[in-house]
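Below is one structure, written out as structure tokens; comments come after it.
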Amino acid sequence: MTIEELEQLWQVEISNYRSQLNGLDLDLSDVHISLHNASWCPDCVRETSELLAIKQALKEKAPHITLISYEDKEHYMNNKSSLEVNCVPTIIASRDGQEYARIEENSQGKLLERLS
């Protein structure tokens, strides 16, 4: 799965978050995000939709997002212990190669705050 496919899949959810981000003036262009995601995961819908809404709202000031997609649920569950993440979704934010935020499963409504 790609970022573009997720934007299509969850366009309604992303749109709902976008309406809350009008006038957002923030520069996260120096942030790199590793997004560990699965389209079968209900928590991923919420967290990824919000992240993609932030990306769309910030346009050229958006963080760079690398998607690591786990679409084979059985394979993910069987190999979970060997992955660098404990669960999906996991959002890992870095600046200058240094991780500064790791959000696992639920940002509790503070995703933008945690990324800033």
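Within each chain, counting starts at residue 1; across the structure tokens, chains are named A, B, ... in the order shown, with ligands numbered 1 upward in that order.
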Do you know which residues are at most 12 Å from segment 56-71 of chain A counting only C-alpha atoms, after dropping those on the same chain fewer than 5 positions away, and could you put them as a count of residues only? 60
Please, which residues of chain A, numbered as in this document, come out strand (DSSP E) from DSSP, as a list in words?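 Across chain A, those assigned strand (DSSP E) are Val31, His32, Ile33, Ser34, Leu35, His36, Asn37, His64, Ile65, Thr66, Leu67, Ile68, Ser69, Thr90, Ile91, Ile92, Ala93, Ser94, Arg95, Gln98, Glu99, Tyr100, Ala101, Arg102, Ile103 and Glu104 of chain A.
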Among the residues of segment 10-95 of chain A, find those DSSP assigns to helix (DSSP H, G or I) from the backbone and print them as a PDB file with C-alpha atoms, in the first residue's frame.
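Heads up, here's the output in result07.pdb:
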```
ATOM      1  CA  GLN A  11     -10.456  10.247   2.312  1.00  0.00           C
ATOM      2  CA  VAL A  12     -13.597  10.843   4.427  1.00  0.00           C
ATOM      3  CA  GLU A  13     -11.704  10.464   7.708  1.00  0.00           C
ATOM      4  CA  ILE A  14      -8.845  12.664   6.438  1.00  0.00           C
ATOM      5  CA  SER A  15     -11.346  15.310   5.352  1.00  0.00           C
ATOM      6  CA  ASN A  16     -12.885  15.339   8.842  1.00  0.00           C
ATOM      7  CA  TYR A  17      -9.481  16.052  10.382  1.00  0.00           C
ATOM      8  CA  ARG A  18      -8.597  18.623   7.674  1.00  0.00           C
ATOM      9  CA  PRO A  42      -8.929   0.266  13.268  1.00  0.00           C
ATOM     10  CA  ASP A  43      -6.462   2.380  15.290  1.00  0.00           C
ATOM     11  CA  CYS A  44      -4.492   2.998  12.082  1.00  0.00           C
ATOM     12  CA  VAL A  45      -7.530   4.569  10.451  1.00  0.00           C
ATOM     13  CA  ARG A  46      -7.723   7.203  13.194  1.00  0.00           C
ATOM     14  CA  GLU A  47      -4.019   7.988  13.638  1.00  0.00           C
ATOM     15  CA  THR A  48      -2.995   7.741   9.988  1.00  0.00           C
ATOM     16  CA  SER A  49      -5.953   9.815   8.822  1.00  0.00           C
ATOM     17  CA  GLU A  50      -4.980  12.588  11.216  1.00  0.00           C
ATOM     18  CA  LEU A  51      -1.330  12.412  10.121  1.00  0.00           C
ATOM     19  CA  LEU A  52      -2.297  12.548   6.437  1.00  0.00           C
ATOM     20  CA  ALA A  53      -4.621  15.483   7.117  1.00  0.00           C
ATOM     21  CA  ILE A  54      -1.695  17.321   8.734  1.00  0.00           C
ATOM     22  CA  LYS A  55       0.469  16.470   5.704  1.00  0.00           C
ATOM     23  CA  GLN A  56      -2.166  17.839   3.327  1.00  0.00           C
ATOM     24  CA  ALA A  57      -2.737  20.990   5.391  1.00  0.00           C
ATOM     25  CA  LEU A  58       0.968  21.828   5.582  1.00  0.00           C
ATOM     26  CA  LYS A  59       1.645  21.179   1.869  1.00  0.00           C
ATOM     27  CA  GLU A  60       5.331  22.015   1.205  1.00  0.00           C
ATOM     28  CA  LYS A  61       5.956  22.449   4.950  1.00  0.00           C
ATOM     29  CA  LYS A  73      -2.191  -9.577   8.984  1.00  0.00           C
ATOM     30  CA  GLU A  74      -1.171 -13.181   9.590  1.00  0.00           C
ATOM     31  CA  HIS A  75       2.420 -12.485   8.523  1.00  0.00           C
ATOM     32  CA  TYR A  76       2.501  -9.383  10.749  1.00  0.00           C
ATOM     33  CA  MET A  77       1.182 -11.285  13.779  1.00  0.00           C
ATOM     34  CA  ASN A  78       3.625 -14.165  13.251  1.00  0.00           C
ATOM     35  CA  ASN A  79       6.646 -11.865  12.837  1.00  0.00           C
ATOM     36  CA  LYS A  80       5.755  -9.093  15.270  1.00  0.00           C
ATOM     37  CA  SER A  81       8.540  -9.962  17.701  1.00  0.00           C
ATOM     38  CA  SER A  82      11.221  -9.377  15.054  1.00  0.00           C
TER      39      SER A  82
END
```
